[in-house]
Structure formats: C-alpha cells, structure tokens
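Dropping run_18.txt in here (compact mmCIF, C-alpha atoms and all ligand atoms):
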```
# COMPACT_ATOMS: atom_id res chain seq x y z
CA MET A 8 3.27 -80.75 -26.51
CA SER A 9 6.41 -81.46 -24.58
CA PRO A 10 7.30 -84.48 -22.49
CA LEU A 11 6.72 -84.38 -18.75
CA GLU A 12 9.44 -84.81 -16.18
CA ILE A 13 9.65 -88.39 -14.91
CA LEU A 14 10.08 -88.36 -11.14
CA LYS A 15 13.08 -90.32 -9.94
CA TYR A 16 13.73 -92.27 -6.77
CA PRO A 17 13.66 -91.13 -3.92
CA GLU A 18 11.01 -88.49 -4.84
CA ILE A 19 8.33 -88.64 -2.13
CA GLN A 20 5.36 -88.82 -4.53
CA LEU A 21 6.58 -92.20 -5.76
CA PHE A 22 5.71 -93.63 -2.35
CA GLU A 23 2.16 -92.26 -2.19
CA LYS A 24 -1.05 -94.06 -3.00
CA SER A 25 -3.05 -92.77 -5.96
CA ALA A 26 -6.73 -91.87 -5.86
CA ALA A 27 -9.26 -93.58 -8.12
CA VAL A 28 -10.01 -91.83 -11.41
CA SER A 29 -13.60 -90.66 -11.19
CA GLU A 30 -13.85 -88.02 -13.86
CA ILE A 31 -12.98 -88.81 -17.45
CA ASP A 32 -12.67 -85.32 -18.86
CA ALA A 33 -10.50 -83.23 -21.15
CA VAL A 34 -7.96 -82.64 -18.38
CA LEU A 35 -7.46 -86.39 -18.01
CA GLN A 36 -7.25 -86.96 -21.79
CA ASN A 37 -4.64 -84.24 -22.04
CA GLN A 38 -2.66 -85.79 -19.18
CA ILE A 39 -2.81 -89.18 -20.97
CA ASN A 40 -1.60 -87.65 -24.25
CA GLN A 41 1.29 -85.96 -22.47
CA MET A 42 2.19 -89.21 -20.77
CA PHE A 43 2.37 -91.02 -24.12
CA GLU A 44 4.61 -88.27 -25.42
CA THR A 45 6.79 -88.77 -22.33
CA LEU A 46 6.81 -92.57 -22.75
CA TYR A 47 7.91 -92.27 -26.40
CA CYS A 48 10.80 -90.03 -25.37
CA SER A 49 12.00 -92.75 -23.02
CA ASP A 50 12.98 -96.35 -23.64
CA GLY A 51 10.27 -97.71 -21.36
CA LEU A 52 7.20 -99.77 -22.23
CA GLY A 53 4.87 -98.38 -19.60
CA LEU A 54 4.35 -95.32 -17.43
CA ALA A 55 2.16 -94.89 -14.35
CA ALA A 56 0.57 -91.51 -13.58
CA PRO A 57 2.40 -91.04 -10.21
CA GLN A 58 5.71 -91.24 -12.08
CA VAL A 59 4.88 -87.85 -13.58
CA GLY A 60 3.51 -86.48 -10.31
CA CYS A 61 -0.17 -87.19 -11.02
CA LEU A 62 -1.56 -89.19 -8.10
CA GLN A 63 -4.40 -90.81 -10.01
CA SER A 64 -4.90 -94.50 -10.49
CA PHE A 65 -4.01 -95.21 -14.11
CA PHE A 66 -1.15 -96.23 -16.34
CA ILE A 67 -0.35 -96.36 -20.02
CA TYR A 68 1.71 -98.79 -22.08
CA ASP A 69 2.69 -99.58 -25.60
CA PHE A 70 4.31 -102.77 -26.80
CA SER A 71 4.12 -101.80 -30.47
CA ARG A 72 7.79 -100.82 -30.62
CA ARG A 73 8.80 -104.38 -29.80
CA ASP A 74 9.33 -107.05 -32.46
CA ASP A 75 7.19 -109.49 -30.51
CA GLU A 76 4.35 -106.98 -30.08
CA ALA A 77 1.65 -109.34 -31.35
CA LYS A 78 2.20 -111.49 -28.29
CA TYR A 79 1.19 -108.64 -25.99
CA GLY A 80 -1.76 -107.04 -27.75
CA ALA A 81 0.38 -104.07 -28.83
CA GLY A 82 -0.75 -100.60 -27.83
CA PRO A 83 -1.01 -97.74 -27.13
CA ILE A 84 -3.31 -98.66 -24.25
CA VAL A 85 -4.59 -96.76 -21.20
CA LEU A 86 -5.91 -98.61 -18.15
CA LEU A 87 -7.88 -96.59 -15.60
CA ASN A 88 -8.42 -97.91 -12.07
CA PRO A 89 -6.73 -101.24 -12.86
CA GLU A 90 -7.11 -104.08 -10.41
CA ILE A 91 -5.64 -107.58 -10.45
CA ILE A 92 -8.46 -110.07 -10.02
CA GLU A 93 -6.54 -113.27 -10.60
CA SER A 94 -2.90 -114.24 -10.65
CA GLU A 95 -1.16 -117.50 -11.28
CA GLY A 96 2.32 -118.98 -11.41
CA GLU A 97 5.62 -117.31 -10.69
CA GLU A 98 8.54 -115.97 -12.68
CA LEU A 99 11.85 -114.42 -11.70
CA ALA A 100 13.08 -112.03 -14.39
CA ASP A 101 14.99 -108.79 -14.92
CA GLU A 102 13.08 -105.61 -14.39
CA GLY A 103 13.84 -101.91 -14.72
CA CYS A 104 11.96 -98.72 -13.90
CA LEU A 105 12.00 -95.28 -15.55
CA SER A 106 12.03 -93.79 -12.04
CA ILE A 107 15.22 -95.72 -11.17
CA PRO A 108 17.25 -95.16 -14.34
CA GLY A 109 20.07 -97.56 -15.08
CA TYR A 110 19.05 -100.06 -12.41
CA PHE A 111 18.00 -103.59 -13.33
CA GLU A 112 17.38 -106.44 -10.96
CA LYS A 113 15.56 -109.74 -10.91
CA VAL A 114 12.09 -109.49 -9.40
CA ARG A 115 9.67 -112.32 -8.64
CA ARG A 116 6.20 -111.75 -10.11
CA ALA A 117 3.12 -113.77 -10.92
CA TYR A 118 3.46 -115.28 -14.40
CA ARG A 119 -0.14 -114.77 -15.46
CA VAL A 120 -2.63 -112.13 -14.31
CA GLN A 121 -6.13 -111.06 -15.11
CA LEU A 122 -7.04 -107.39 -14.70
CA LYS A 123 -10.20 -105.42 -14.63
CA ALA A 124 -10.00 -101.74 -15.50
CA GLN A 125 -11.62 -99.03 -17.61
CA ASP A 126 -10.35 -97.87 -20.96
CA ARG A 127 -9.82 -94.17 -21.65
CA GLU A 128 -13.51 -93.74 -22.50
CA GLY A 129 -14.53 -95.29 -19.18
CA LYS A 130 -15.71 -98.61 -20.59
CA ASP A 131 -15.17 -101.64 -18.31
CA ILE A 132 -12.61 -104.05 -19.70
CA ARG A 133 -10.84 -107.22 -18.67
CA ILE A 134 -7.37 -108.16 -19.85
CA GLU A 135 -5.39 -111.33 -19.43
CA ALA A 136 -1.65 -111.29 -19.78
CA GLU A 137 1.34 -113.47 -19.17
CA GLY A 138 5.11 -113.11 -19.07
CA LEU A 139 6.41 -109.61 -19.85
CA ALA A 140 2.96 -108.01 -20.13
CA ALA A 141 1.84 -109.55 -16.81
CA ARG A 142 5.08 -108.26 -15.28
CA LEU A 143 4.47 -104.75 -16.62
CA PHE A 144 0.91 -104.72 -15.26
CA GLN A 145 2.09 -105.73 -11.78
CA HIS A 146 4.93 -103.20 -11.87
CA GLU A 147 2.64 -100.31 -12.93
CA ILE A 148 -0.13 -101.21 -10.46
CA ASP A 149 2.53 -101.20 -7.75
CA HIS A 150 3.30 -97.58 -8.71
CA LEU A 151 -0.37 -96.71 -8.15
CA ASN A 152 0.00 -98.04 -4.60
CA GLY A 153 3.26 -96.22 -3.92
CA VAL A 154 5.29 -99.42 -4.23
CA LEU A 155 8.56 -99.61 -6.17
CA MET A 156 10.35 -102.66 -7.55
CA LEU A 157 12.89 -102.12 -4.76
CA ASP A 158 10.20 -103.20 -2.29
CA HIS A 159 10.22 -106.66 -3.89
CA LEU A 160 13.95 -107.23 -3.38
CA SER A 161 15.55 -109.01 -0.47
CA SER A 162 16.64 -106.60 2.26
CA LEU A 163 20.25 -107.40 1.33
CA LYS A 164 19.79 -106.34 -2.30
CA ARG A 165 17.74 -103.32 -1.30
CA ASN A 166 20.42 -102.19 1.14
CA ILE A 167 23.10 -102.56 -1.52
CA PHE A 168 21.00 -100.41 -3.84
CA ILE A 169 20.48 -97.73 -1.15
CA ARG A 170 24.17 -97.70 -0.24
CA LYS A 171 25.24 -97.30 -3.85
CA PHE A 172 22.58 -94.66 -4.41
CA LYS A 173 23.76 -92.60 -1.43
CA LYS A 174 27.35 -92.91 -2.55
CA LYS A 175 26.43 -91.66 -6.03
CA GLN A 176 24.46 -88.79 -4.51
CA LYS A 177 27.39 -87.76 -2.31
CA TYR A 178 29.71 -87.92 -5.29
CA ALA A 179 27.35 -85.75 -7.37
CA GLU A 180 27.12 -83.21 -4.54
CA SER A 181 30.88 -83.00 -4.14
CA LYS A 182 31.36 -82.05 -7.79
ZN ZN B 201 8.47 -98.23 -12.66
```
Represent the structure contained in this file as structure tokens.
Amino acid sequence: MSPLEILKYPEIQLFEKSAAVSEIDAVLQNQINQMFETLYCSDGLGLAAPQVGCLQSFFIYDFSRRDDEAKYGAGPIVLLNPEIIESEGEELADEGCLSIPGYFEKVRRAYRVQLKAQDREGKDIRIEAEGLAARLFQHEIDHLNGVLMLDHLSSLKRNIFIRKFKKKQKYAESK
C-alpha cells in the first residue's frame, strides 16, 4: 500500500460538499486503510476524505503519537457521517491543515463539542471532546462541507494569505 496524494489549496475538490457514506463495504475499508497510511506519512493528526479526492462524508484521526494522547481517547479512529449535535464555549488557537502546508493561523472554534457519527463498522456512536480534539473535529467536519480554515479568518488575514499564495505561485512558475 502506498500513501495517497493529499490535495492542496486551491484544488477545486476541497471546496465541494461530500455525500453521506451509505455503503460500508470493502472499497470503503480499503480507502480508510490507505488514508491511515497517508496520515502516518504526514505530520498531521487527522485527515478528511475530500483531502484525498474522495467526496464522502468521513474522516480519520489518531492522537496516539502525541504524549498527551490519553486526554483525547487516542486512536486510530474513523468517524463516518459525523455531525456536531452540541457545542459550547470558545477558544482561539493555532491551527494548520495538511492541504495548506506550512500555514498556521489562529482560528476561533467552539471549546467543547459533542458528535454523533458511525464507526467503521457502521455502529452509531457519540463522542464528546474538548480543546484540541474538539478543534480537530470541527476542522475535519468543515472539510466534509467544502470549508477550509481560511474561511474562518478575517477578510484581512484571508486576503494576506491569498496575496502571498499568488506571489509564491508566480515565483514557482517563473523558475
Ligand atoms: Zn485540514
């Protein structure tokens, strides 16, 4: 098995809404396994299906490589058709995205969330998380709706990002 290519901003598929997962079959399990392989080749904690060009509503994560893993219920975990059913509080903290490599910016998120989803066997589950894990859930669910962390920034910060990105692109093309 080899890792999949992670789509990078401004790839069009990153802005599309994913369809609900309705069939839990061998094709899906294989896709999940390949996504874990891809995640472990990166320095990220989570990966949403659209980031590898699969427009289906699920994401994977694994906190077990972190020292403070116990706090987050470790991993590896797959959440199919995840939905936030409750959120509470607010936190402004640094965030990054495997689809926007090298870019980190402070994003405001709910501090605590409760999710309902299915596990990789299709069993209904509920998960509560706070802090970093809650942030990851919100970030990955955004991906399933075609939303990037950039969409949470002020228009000033977003414009700075876009300007720098275009400049970098131009520079790369001129070489
Ligand atoms: Zn991301």
TODO: Would you list the residues that come within 10 Å of ligand ZN 201 (chain B)? Count all atoms listed in the file and give the answer as a list in words.
DONE: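 Those residues are Lys15, Tyr16, Leu21, Gly51, Leu52, Gly53, Leu54, Ala55, Pro57, Gln58, Glu102, Gly103, Cys104, Leu105, Ser106, Ile107, Pro108, Leu143, Gln145, His146, Glu147, Ile148, Asp149, His150, Val154, Leu155, Met156 and Leu157 of chain A.
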Report task. Please determine the residues with any atom at most 8 Å from (-3.5, -95.9, -8.6) (coordinates as given in the file, with only C-alpha atoms counting) and report them as a PyMOL selection string. Result -> chain A and resi 24-27+56-57+62-65+88-89+148+150-152
Could you save the residues just selected, with C-alpha atoms, as a PDB file, keeping the file's coordinate frame?
```
ATOM      1  CA  LYS A  24      -1.050 -94.060  -3.000  1.00  0.00           C
ATOM      2  CA  SER A  25      -3.050 -92.770  -5.960  1.00  0.00           C
ATOM      3  CA  ALA A  26      -6.730 -91.870  -5.860  1.00  0.00           C
ATOM      4  CA  ALA A  27      -9.260 -93.580  -8.120  1.00  0.00           C
ATOM      5  CA  ALA A  56       0.570 -91.510 -13.580  1.00  0.00           C
ATOM      6  CA  PRO A  57       2.400 -91.040 -10.210  1.00  0.00           C
ATOM      7  CA  LEU A  62      -1.560 -89.190  -8.100  1.00  0.00           C
ATOM      8  CA  GLN A  63      -4.400 -90.810 -10.010  1.00  0.00           C
ATOM      9  CA  SER A  64      -4.900 -94.500 -10.490  1.00  0.00           C
ATOM     10  CA  PHE A  65      -4.010 -95.210 -14.110  1.00  0.00           C
ATOM     11  CA  ASN A  88      -8.420 -97.910 -12.070  1.00  0.00           C
ATOM     12  CA  PRO A  89      -6.730-101.240 -12.860  1.00  0.00           C
ATOM     13  CA  ILE A 148      -0.130-101.210 -10.460  1.00  0.00           C
ATOM     14  CA  HIS A 150       3.300 -97.580  -8.710  1.00  0.00           C
ATOM     15  CA  LEU A 151      -0.370 -96.710  -8.150  1.00  0.00           C
ATOM     16  CA  ASN A 152       0.000 -98.040  -4.600  1.00  0.00           C
TER      17      ASN A 152
END
```
A straight line from atom CA of Gly82 of chain A to atom CA of Ala141 of chain A spans 14.4 Å
Distance in Å - atom CA of Gly129 of chain A versus atom CA of Leu87 of chain A:
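Pair atom CA of Gly129 of chain A / atom CA of Leu87 of chain A returns 7.7 Å.
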Listing only residues of segment 55-104 of chain A within 9 Å of segment 29-49 of chain A, what is the closest atom pair and its distance in Å (to one decimal) for each, using all atoms listed in the file, sorted by chain and residue number ascending, as a Markdown table?
```
| residue | atom | partner | partner_atom | distance |
| --- | --- | --- | --- | --- |
| A:Ala55 | CA | A:Met42 | CA | 8.6 |
| A:Ala56 | CA | A:Met42 | CA | 7.7 |
| A:Val59 | CA | A:Met42 | CA | 7.8 |
| A:Cys61 | CA | A:Gln38 | CA | 8.6 |
| A:Phe66 | CA | A:Ile39 | CA | 8.6 |
| A:Ile67 | CA | A:Phe43 | CA | 7.3 |
| A:Tyr68 | CA | A:Phe43 | CA | 8.1 |
| A:Asp69 | CA | A:Leu46 | CA | 8.6 |
| A:Pro83 | CA | A:Phe43 | CA | 8.1 |
| A:Val85 | CA | A:Ile39 | CA | 7.8 |
| A:Asn88 | CA | A:Ser29 | CA | 9.0 |
```
- Message: As an exercise, work out the distance from atom CA of Ala117 of chain A to atom CA of Leu99 of chain A in Å and give it to one decimal place.
- Response: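 Computed distance, atom CA of Ala117 of chain A to atom CA of Leu99 of chain A, equals 8.8 Å.
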**OP:** Find the residues near Ile134 of chain A: any atom within 12 Å, counting all atoms listed in the file, skip ones fewer than 3 places away on the same chain, and give them as a ChimeraX atom specification.
**Re:** /A:79-80,84-86,89-94,119-126,131,137,140-141,144
Could you dump the residues just selected with C-alpha atoms as an mmCIF file, in the coordinates of the input?
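What ended up in selection.cif:
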```cif
data_model
loop_
_atom_site.group_PDB
_atom_site.id
_atom_site.type_symbol
_atom_site.label_atom_id
_atom_site.label_comp_id
_atom_site.auth_asym_id
_atom_site.auth_seq_id
_atom_site.Cartn_x
_atom_site.Cartn_y
_atom_site.Cartn_z
ATOM 1 C CA TYR A 79 1.190 -108.640 -25.990
ATOM 2 C CA GLY A 80 -1.760 -107.040 -27.750
ATOM 3 C CA ILE A 84 -3.310 -98.660 -24.250
ATOM 4 C CA VAL A 85 -4.590 -96.760 -21.200
ATOM 5 C CA LEU A 86 -5.910 -98.610 -18.150
ATOM 6 C CA PRO A 89 -6.730 -101.240 -12.860
ATOM 7 C CA GLU A 90 -7.110 -104.080 -10.410
ATOM 8 C CA ILE A 91 -5.640 -107.580 -10.450
ATOM 9 C CA ILE A 92 -8.460 -110.070 -10.020
ATOM 10 C CA GLU A 93 -6.540 -113.270 -10.600
ATOM 11 C CA SER A 94 -2.900 -114.240 -10.650
ATOM 12 C CA ARG A 119 -0.140 -114.770 -15.460
ATOM 13 C CA VAL A 120 -2.630 -112.130 -14.310
ATOM 14 C CA GLN A 121 -6.130 -111.060 -15.110
ATOM 15 C CA LEU A 122 -7.040 -107.390 -14.700
ATOM 16 C CA LYS A 123 -10.200 -105.420 -14.630
ATOM 17 C CA ALA A 124 -10.000 -101.740 -15.500
ATOM 18 C CA GLN A 125 -11.620 -99.030 -17.610
ATOM 19 C CA ASP A 126 -10.350 -97.870 -20.960
ATOM 20 C CA ASP A 131 -15.170 -101.640 -18.310
ATOM 21 C CA GLU A 137 1.340 -113.470 -19.170
ATOM 22 C CA ALA A 140 2.960 -108.010 -20.130
ATOM 23 C CA ALA A 141 1.840 -109.550 -16.810
ATOM 24 C CA PHE A 144 0.910 -104.720 -15.260
#
```
Go through A:Gly60, A:Ala136, A:Lys113, A:Ile13 one by one, measure the shortest atom-to-atom distance of each to Ser161 of chain A using only C-alpha atoms, and give the residue with the smallest value.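 Smallest distance to Ser161 of chain A is found for A:Lys113.
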Point to revise | Nearest-residue call for Phe22 of chain A, choices A:Gly153, A:Glu95, A:Ile132, A:Phe168, using only C-alpha atoms | key: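 The answer is A:Gly153, which sits nearest to Phe22 of chain A.
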request  = Rank nothing, just name the residue among A:Ala179, A:Arg127, A:Gly96, A:Phe70 nearest to Leu139 of chain A, using all atoms listed in the file.
outcome  =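 Using all atoms listed in the file, the shortest distance to Leu139 of chain A belongs to A:Phe70.
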